[in-house]
$ cat structure-v4.cif   # mmCIF, C-alpha atoms and all ligand atoms
data_entry
loop_
_atom_site.label_atom_id
_atom_site.label_comp_id
_atom_site.auth_asym_id
_atom_site.auth_seq_id
_atom_site.Cartn_x
_atom_site.Cartn_y
_atom_site.Cartn_z
CA MET A 199 -86.19 -45.40 52.13
CA LYS A 200 -82.49 -46.17 51.75
CA ILE A 201 -79.66 -44.88 49.60
CA ILE A 202 -78.12 -47.61 47.47
CA ALA A 203 -74.95 -46.30 45.92
CA GLY A 204 -72.53 -48.12 43.64
CA ASN A 205 -68.89 -47.28 43.12
CA TRP A 206 -67.64 -48.65 39.82
CA LYS A 207 -64.03 -47.72 40.60
CA MET A 208 -61.93 -48.17 37.40
CA ASN A 209 -64.33 -50.64 35.84
CA GLY A 210 -67.10 -50.67 33.27
CA SER A 211 -67.71 -48.92 30.00
CA ARG A 212 -70.25 -46.60 28.46
CA SER A 213 -72.14 -49.57 27.06
CA ALA A 214 -72.08 -51.31 30.46
CA LEU A 215 -73.68 -48.20 31.97
CA LYS A 216 -76.36 -48.21 29.27
CA GLU A 217 -77.09 -51.84 30.13
CA MET A 218 -77.37 -51.01 33.83
CA VAL A 219 -79.68 -48.07 33.09
CA SER A 220 -82.03 -50.23 31.07
CA GLY A 221 -81.78 -53.11 33.55
CA LEU A 222 -82.96 -50.87 36.40
CA GLN A 223 -85.58 -48.98 34.40
CA SER A 224 -88.53 -51.20 35.25
CA LEU A 225 -87.49 -51.95 38.82
CA GLU A 226 -90.07 -50.86 41.40
CA THR A 227 -88.30 -49.19 44.29
CA ASN A 228 -88.48 -46.05 46.38
CA HIS A 229 -84.80 -46.14 47.24
CA THR A 230 -82.39 -43.52 45.95
CA ILE A 231 -80.06 -45.25 43.52
CA ILE A 232 -76.69 -43.69 42.81
CA LEU A 233 -73.86 -44.92 40.59
CA CYS A 234 -70.45 -43.28 40.87
CA VAL A 235 -68.75 -43.98 37.58
CA PRO A 236 -65.45 -43.10 35.90
CA TYR A 237 -65.30 -39.60 34.37
CA THR A 238 -65.64 -41.02 30.84
CA MET A 239 -69.13 -42.27 31.64
CA LEU A 240 -70.50 -39.00 33.03
CA GLY A 241 -73.15 -37.21 31.00
CA LEU A 242 -74.82 -40.30 29.54
CA GLU A 243 -78.57 -40.86 29.75
CA SER A 244 -79.04 -42.45 33.16
CA GLY A 245 -82.80 -42.94 33.57
CA ARG A 246 -83.71 -43.44 37.21
CA ILE A 247 -80.08 -43.68 38.32
CA ASN A 248 -78.46 -40.65 39.93
CA ILE A 249 -74.94 -40.30 38.67
CA GLY A 250 -71.84 -39.36 40.62
CA ALA A 251 -68.10 -39.12 40.06
CA GLN A 252 -65.47 -40.85 42.18
CA ASP A 253 -63.11 -37.98 42.84
CA VAL A 254 -62.84 -34.25 42.19
CA SER A 255 -60.11 -31.66 42.10
CA ALA A 256 -59.84 -29.33 45.09
CA HIS A 257 -58.98 -26.54 42.61
CA THR A 258 -61.53 -24.50 40.68
CA HIS A 259 -59.73 -24.38 37.30
CA GLY A 260 -56.35 -23.84 35.69
CA ALA A 261 -53.09 -25.63 35.07
CA TYR A 262 -53.81 -28.95 36.79
CA THR A 263 -53.29 -31.46 33.99
CA GLY A 264 -55.45 -34.53 34.36
CA GLU A 265 -57.70 -33.10 37.06
CA VAL A 266 -61.44 -32.54 36.76
CA SER A 267 -63.18 -29.74 38.64
CA ALA A 268 -66.45 -29.89 40.54
CA GLN A 269 -67.95 -27.42 38.08
CA MET A 270 -67.06 -29.74 35.17
CA ILE A 271 -68.64 -32.68 36.97
CA ALA A 272 -71.80 -30.69 37.72
CA ASP A 273 -71.85 -29.58 34.08
CA THR A 274 -72.36 -33.23 33.00
CA GLY A 275 -75.54 -33.43 35.10
CA ALA A 276 -73.91 -35.53 37.83
CA LYS A 277 -75.22 -34.84 41.33
CA TYR A 278 -72.79 -36.65 43.60
CA VAL A 279 -69.08 -37.19 44.04
CA ILE A 280 -67.18 -39.56 46.29
CA VAL A 281 -64.36 -37.88 48.20
CA GLY A 282 -61.74 -39.50 50.40
CA HIS A 283 -62.33 -43.05 49.26
CA SER A 284 -59.92 -45.48 50.90
CA GLU A 285 -58.18 -46.08 47.58
CA ARG A 286 -57.59 -42.33 47.11
CA ARG A 287 -56.35 -41.99 50.68
CA GLY A 288 -54.14 -45.08 50.31
CA TYR A 289 -52.73 -44.85 46.76
CA HIS A 290 -52.71 -41.06 46.42
CA ASN A 291 -51.87 -40.10 50.00
CA GLU A 292 -54.98 -37.97 50.42
CA THR A 293 -55.21 -36.47 53.90
CA HIS A 294 -58.28 -35.25 55.79
CA ASN A 295 -57.26 -31.77 54.70
CA THR A 296 -57.27 -32.73 50.99
CA VAL A 297 -60.57 -34.52 51.40
CA ARG A 298 -62.12 -31.52 53.16
CA ASN A 299 -60.98 -29.19 50.36
CA LYS A 300 -62.41 -31.52 47.74
CA ALA A 301 -65.72 -31.72 49.63
CA SER A 302 -65.78 -27.92 49.78
CA ALA A 303 -65.22 -27.68 46.02
CA ALA A 304 -68.08 -30.14 45.49
CA LEU A 305 -70.44 -28.20 47.77
CA SER A 306 -69.60 -24.88 46.11
CA ASN A 307 -70.75 -26.33 42.81
CA GLY A 308 -74.00 -27.90 43.98
CA LEU A 309 -72.70 -31.47 44.19
CA ILE A 310 -73.42 -33.74 47.15
CA PRO A 311 -70.12 -35.14 48.42
CA ILE A 312 -70.09 -38.72 49.67
CA ILE A 313 -67.31 -38.39 52.25
CA CYS A 314 -65.62 -41.68 53.15
CA VAL A 315 -64.05 -42.52 56.49
CA GLY A 316 -62.76 -45.77 57.94
CA GLU A 317 -59.91 -47.54 59.65
CA THR A 318 -57.08 -49.65 58.22
CA MET A 319 -56.32 -53.13 59.55
CA GLU A 320 -53.31 -51.74 61.37
CA GLU A 321 -55.47 -49.11 63.10
CA LYS A 322 -58.12 -51.72 63.93
CA GLN A 323 -55.54 -54.05 65.47
CA ALA A 324 -54.14 -51.17 67.49
CA GLY A 325 -57.61 -50.55 68.97
CA LYS A 326 -57.91 -47.18 67.25
CA THR A 327 -61.05 -47.80 65.17
CA MET A 328 -63.34 -45.40 67.02
CA ALA A 329 -60.73 -42.64 67.29
CA VAL A 330 -59.92 -42.91 63.57
CA ILE A 331 -63.60 -42.77 62.62
CA GLU A 332 -64.30 -39.76 64.83
CA SER A 333 -61.29 -37.77 63.62
CA GLY A 334 -62.13 -38.75 60.03
CA VAL A 335 -65.61 -37.30 60.40
CA ARG A 336 -64.50 -34.16 62.25
CA GLU A 337 -61.59 -33.37 59.94
CA SER A 338 -62.90 -34.43 56.51
CA ILE A 339 -66.10 -32.36 56.62
CA PRO A 340 -65.88 -28.66 55.74
CA SER A 341 -66.83 -26.30 58.56
CA ASP A 342 -69.45 -24.35 56.62
CA VAL A 343 -71.79 -27.08 55.38
CA ASN A 344 -75.34 -25.89 54.75
CA THR A 345 -76.38 -28.20 51.90
CA PRO A 346 -76.67 -32.00 51.99
CA ILE A 347 -73.69 -34.28 52.42
CA ILE A 348 -73.47 -38.05 52.81
CA ILE A 349 -71.00 -39.95 54.98
CA ALA A 350 -69.82 -43.44 54.07
CA TYR A 351 -68.23 -45.66 56.70
CA GLU A 352 -65.91 -47.98 54.83
CA PRO A 353 -63.65 -50.13 57.01
CA ARG A 354 -60.59 -50.06 54.79
CA TRP A 355 -59.45 -53.58 55.68
CA ALA A 356 -62.76 -55.04 54.52
CA ILE A 357 -63.01 -53.38 51.10
CA GLY A 358 -62.84 -55.85 48.23
CA ALA A 359 -61.75 -58.54 50.66
CA GLY A 360 -65.07 -60.33 51.08
CA LEU A 361 -64.80 -59.43 54.78
CA THR A 362 -67.30 -57.45 56.83
CA PRO A 363 -67.21 -56.25 60.44
CA THR A 364 -69.71 -57.80 62.82
CA ASP A 365 -73.16 -56.21 63.04
CA ALA A 366 -72.20 -54.88 66.48
CA GLU A 367 -69.04 -53.26 65.09
CA ILE A 368 -71.05 -51.61 62.30
CA ALA A 369 -73.65 -50.47 64.83
CA ASP A 370 -70.96 -48.94 67.09
CA ALA A 371 -69.25 -47.18 64.18
CA HIS A 372 -72.49 -45.75 62.83
CA ALA A 373 -73.68 -44.65 66.28
CA LEU A 374 -70.40 -42.80 66.80
CA ILE A 375 -70.67 -41.14 63.38
CA ALA A 376 -74.30 -40.11 64.08
CA LYS A 377 -73.30 -38.67 67.47
CA THR A 378 -70.33 -36.81 66.00
CA LEU A 379 -72.44 -35.40 63.16
CA SER A 380 -75.04 -34.24 65.64
CA GLU A 381 -72.35 -32.48 67.70
CA MET A 382 -71.26 -30.78 64.48
CA GLY A 383 -74.81 -29.55 63.81
CA LEU A 384 -75.27 -32.06 60.99
CA SER A 385 -77.80 -34.48 62.43
CA GLY A 386 -79.92 -36.19 59.80
CA THR A 387 -76.94 -36.62 57.47
CA PRO A 388 -77.28 -40.04 55.82
CA ILE A 389 -74.61 -42.57 56.82
CA LEU A 390 -73.84 -45.38 54.37
CA TYR A 391 -71.95 -48.58 55.09
CA GLY A 392 -69.51 -49.84 52.46
CA ALA A 393 -67.20 -52.87 52.10
CA SER A 394 -68.12 -56.28 50.77
CA VAL A 395 -71.85 -55.55 50.52
CA LYS A 396 -73.73 -58.09 48.41
CA GLY A 397 -77.27 -59.35 47.89
CA SER A 398 -76.89 -61.90 50.67
CA ASN A 399 -75.84 -59.46 53.42
CA ALA A 400 -77.38 -56.13 52.33
CA ALA A 401 -80.72 -56.50 54.14
CA GLU A 402 -79.08 -57.44 57.43
CA ILE A 403 -76.59 -54.58 57.21
CA MET A 404 -79.31 -52.06 56.36
CA SER A 405 -81.37 -53.19 59.35
CA ILE A 406 -78.63 -51.99 61.73
CA PRO A 407 -79.51 -48.69 63.44
CA ASN A 408 -78.05 -45.56 61.78
CA VAL A 409 -77.30 -47.42 58.53
CA ASP A 410 -79.13 -45.32 55.95
CA GLY A 411 -77.88 -47.23 52.95
CA VAL A 412 -74.87 -48.87 51.37
CA LEU A 413 -71.94 -48.01 49.13
CA VAL A 414 -71.25 -51.04 46.98
CA GLY A 415 -68.10 -51.77 44.99
CA GLY A 416 -67.78 -55.06 43.11
CA ALA A 417 -71.45 -56.05 43.43
CA SER A 418 -72.61 -52.82 41.73
CA LEU A 419 -71.04 -53.66 38.37
CA LYS A 420 -73.68 -56.06 37.08
CA CYS A 421 -77.48 -55.88 37.21
CA ASP A 422 -77.63 -59.48 38.44
CA ASP A 423 -75.61 -58.53 41.53
CA PHE A 424 -76.84 -54.96 42.07
CA ILE A 425 -80.61 -55.50 41.75
CA PRO A 426 -80.79 -58.06 44.61
CA ILE A 427 -79.17 -55.47 46.90
CA ILE A 428 -81.76 -52.86 45.94
CA THR A 429 -84.69 -55.25 46.31
CA SER A 430 -83.45 -56.77 49.57
CA VAL A 431 -84.87 -53.90 51.63
CA LYS A 432 -88.28 -52.23 51.74
P1 LIG B 1 -66.44 -53.72 47.69
O1 LIG B 1 -67.94 -53.69 47.78
O2 LIG B 1 -65.96 -54.30 46.39
O3 LIG B 1 -65.82 -54.31 48.92
O4 LIG B 1 -65.96 -52.17 47.64
C1 LIG B 1 -66.47 -51.30 48.58
C2 LIG B 1 -66.09 -49.92 48.20
O5 LIG B 1 -64.93 -49.56 48.22
C3 LIG B 1 -67.17 -49.02 47.78
O6 LIG B 1 -66.72 -47.70 47.68
#
$ encode --input "structure-v4.cif" --output "structure tokens" --more "lines below"
Ligand code: 13P
Amino acid sequence: MKIIAGNWKMNGSRSALKEMVSGLQSLETNHTIILCVPYTMLGLESGRINIGAQDVSAHTHGAYTGEVSAQMIADTGAKYVIVGHSERRGYHNETHNTVRNKASAALSNGLIPIICVGETMEEKQAGKTMAVIESGVRESIPSDVNTPIIIAYEPRWAIGAGLTPTDAEIADAHALIAKTLSEMGLSGTPILYGASVKGSNAAEIMSIPNVDGVLVGGASLKCDDFIPIITSVK
């Protein structure tokens, strides 16, 4: 059983989510299906889809105009939240420290954080991929985790670019993440791969050792693209 998660980023609408919910309703699958949607789409009827947000405030409440707390997200019935996505780290200068605090806020309110790590093209070219992944895992995860978390390996250079690492590169990255998690007392934590996943490559990617599922951007927006990813694996 795999975890197939979609990240709608700043796309979609409430009616598009309704369409996705009804499109997936009759699908036969044992996989866990998650959609991380914009805040405005939280709280809608979601059928078999588990709903998540895409970011969360590190603060509990108060004068933080425009921010949304983990408690507010949980209050909508959402179960997951992405933290530390490449686009948050890149466009909003989020550090490991910020990401860790956001993950902590999520955990304190019963949400499962999907914590993203991954290297930029510059880091890859400098031969730092493994070091960046390991420090991302060690520094973005709170020290006191005792409820489930999910890690997503998203090579930042490959996101939205139609590019993917080789199977061997994905295998190496996921093996390192699994080893690091085990050293942190978190073995068994699911590790998702994300960046340019589509129906045509999903099965191969999910057959790589330590790949427990995928985090899908563009191809999660429409049933016609998302369903083939879900049905591509047993
Ligand atoms: P794409 O699947 O569009 O490359 O996006 C990946 C991603 O960022 C998922 O969080």
$ residues_near_ligand --input "structure-v4.cif" --ligand "ligand LIG 1 (chain B)" --cutoff "6 Å" --atoms "all atoms listed in the file" --output "JSON list (two decimals) with C-alpha atoms, in the frame of the given file"
[["chain", "number", "residue", "atom", "x", "y", "z"],
["A", 205, "ASN", "CA", -68.89, -47.28, 43.12],
["A", 357, "ILE", "CA", -63.01, -53.38, 51.10],
["A", 358, "GLY", "CA", -62.84, -55.85, 48.23],
["A", 392, "GLY", "CA", -69.51, -49.84, 52.46],
["A", 393, "ALA", "CA", -67.20, -52.87, 52.10],
["A", 394, "SER", "CA", -68.12, -56.28, 50.77],
["A", 395, "VAL", "CA", -71.85, -55.55, 50.52],
["A", 413, "LEU", "CA", -71.94, -48.01, 49.13],
["A", 414, "VAL", "CA", -71.25, -51.04, 46.98],
["A", 415, "GLY", "CA", -68.10, -51.77, 44.99],
["A", 416, "GLY", "CA", -67.78, -55.06, 43.11]]
$ closest_residue --input "structure-v4.cif" --among "A:Ala373, A:Leu379, A:Ala251, A:Ile331" --to "A:Pro353" --atoms "only C-alpha atoms"
A:Ile331
$ atom_distance --input "structure-v4.cif" --atom1 "atom CA of A:Ile202" --atom2 "atom CA of A:Pro236"
17.7 Å
$ closest_residue --input "structure-v4.cif" --among "A:Gly316, A:Gly386, A:Gly397, A:Gly325" --to "A:Glu352" --atoms "all atoms listed in the file"
A:Gly316
$ atom_distance --input "structure-v4.cif" --atom1 "atom CA of A:Ala256" --atom2 "atom CA of A:Ala268"
8.0 Å
$ residues_around --input "structure-v4.cif" --residues "A:Met218" --least-positions-apart "4" --cutoff "8 Å" --atoms "only C-alpha atoms" --output "PyMOL selection string"
chain A and resi 214+222+420-421
$ atom_distance --input "structure-v4.cif" --atom1 "atom CA of A:Thr387" --atom2 "atom CA of A:Trp355"
24.4 Å
$ closest_residue --input "structure-v4.cif" --among "A:Ile348, A:Ala261, A:Ile425, A:Ile389" --to "A:Gln223" --atoms "all atoms listed in the file"
A:Ile425
$ axis_aligned_box --input "structure-v4.cif" --around "stretch 413-417 of chain A" --padding-each-side "8 Å" --output "lines of an AutoDock Vina configuration file"
center_x = -69.9
center_y = -52.0
center_z = 46.1
size_x = 20.2
size_y = 24.0
size_z = 22.0
$ residues_near_point --input "structure-v4.cif" --point "(-80.3, -44.2, 54.9)" --cutoff "12 Å" --atoms "only C-alpha atoms" --output "number ranges by chain"
A: 199-203, 228-231, 348-350, 372, 376, 386-391, 403-413, 431-432
$ closest_residue --input "structure-v4.cif" --among "A:Pro346, A:Gly288, A:Gly264, A:Gly360" --to "A:Ser302" --atoms "only C-alpha atoms"
A:Pro346
$ residues_around --input "structure-v4.cif" --residues "A:Asn209" --least-positions-apart "6" --cutoff "12 Å" --atoms "only C-alpha atoms" --output "ChimeraX atom specification"
/A:215,234-239,252,415-420
$ closest_residue --input "structure-v4.cif" --among "A:Gly308, A:Arg354, A:Ser213, A:Ala366" --to "A:Lys322" --atoms "all atoms listed in the file"
A:Arg354
$ closest_residue --input "structure-v4.cif" --among "A:Leu361, A:Ile375, A:Leu305, A:Ala356" --to "A:Thr318" --atoms "only C-alpha atoms"
A:Ala356
$ residues_around --input "structure-v4.cif" --residues "A:Gly250" --least-positions-apart "3" --cutoff "10 Å" --atoms "all atoms listed in the file" --output "ChimeraX atom specification"
/A:203-205,232-237,239-241,247,253,271-272,274-280,309-312
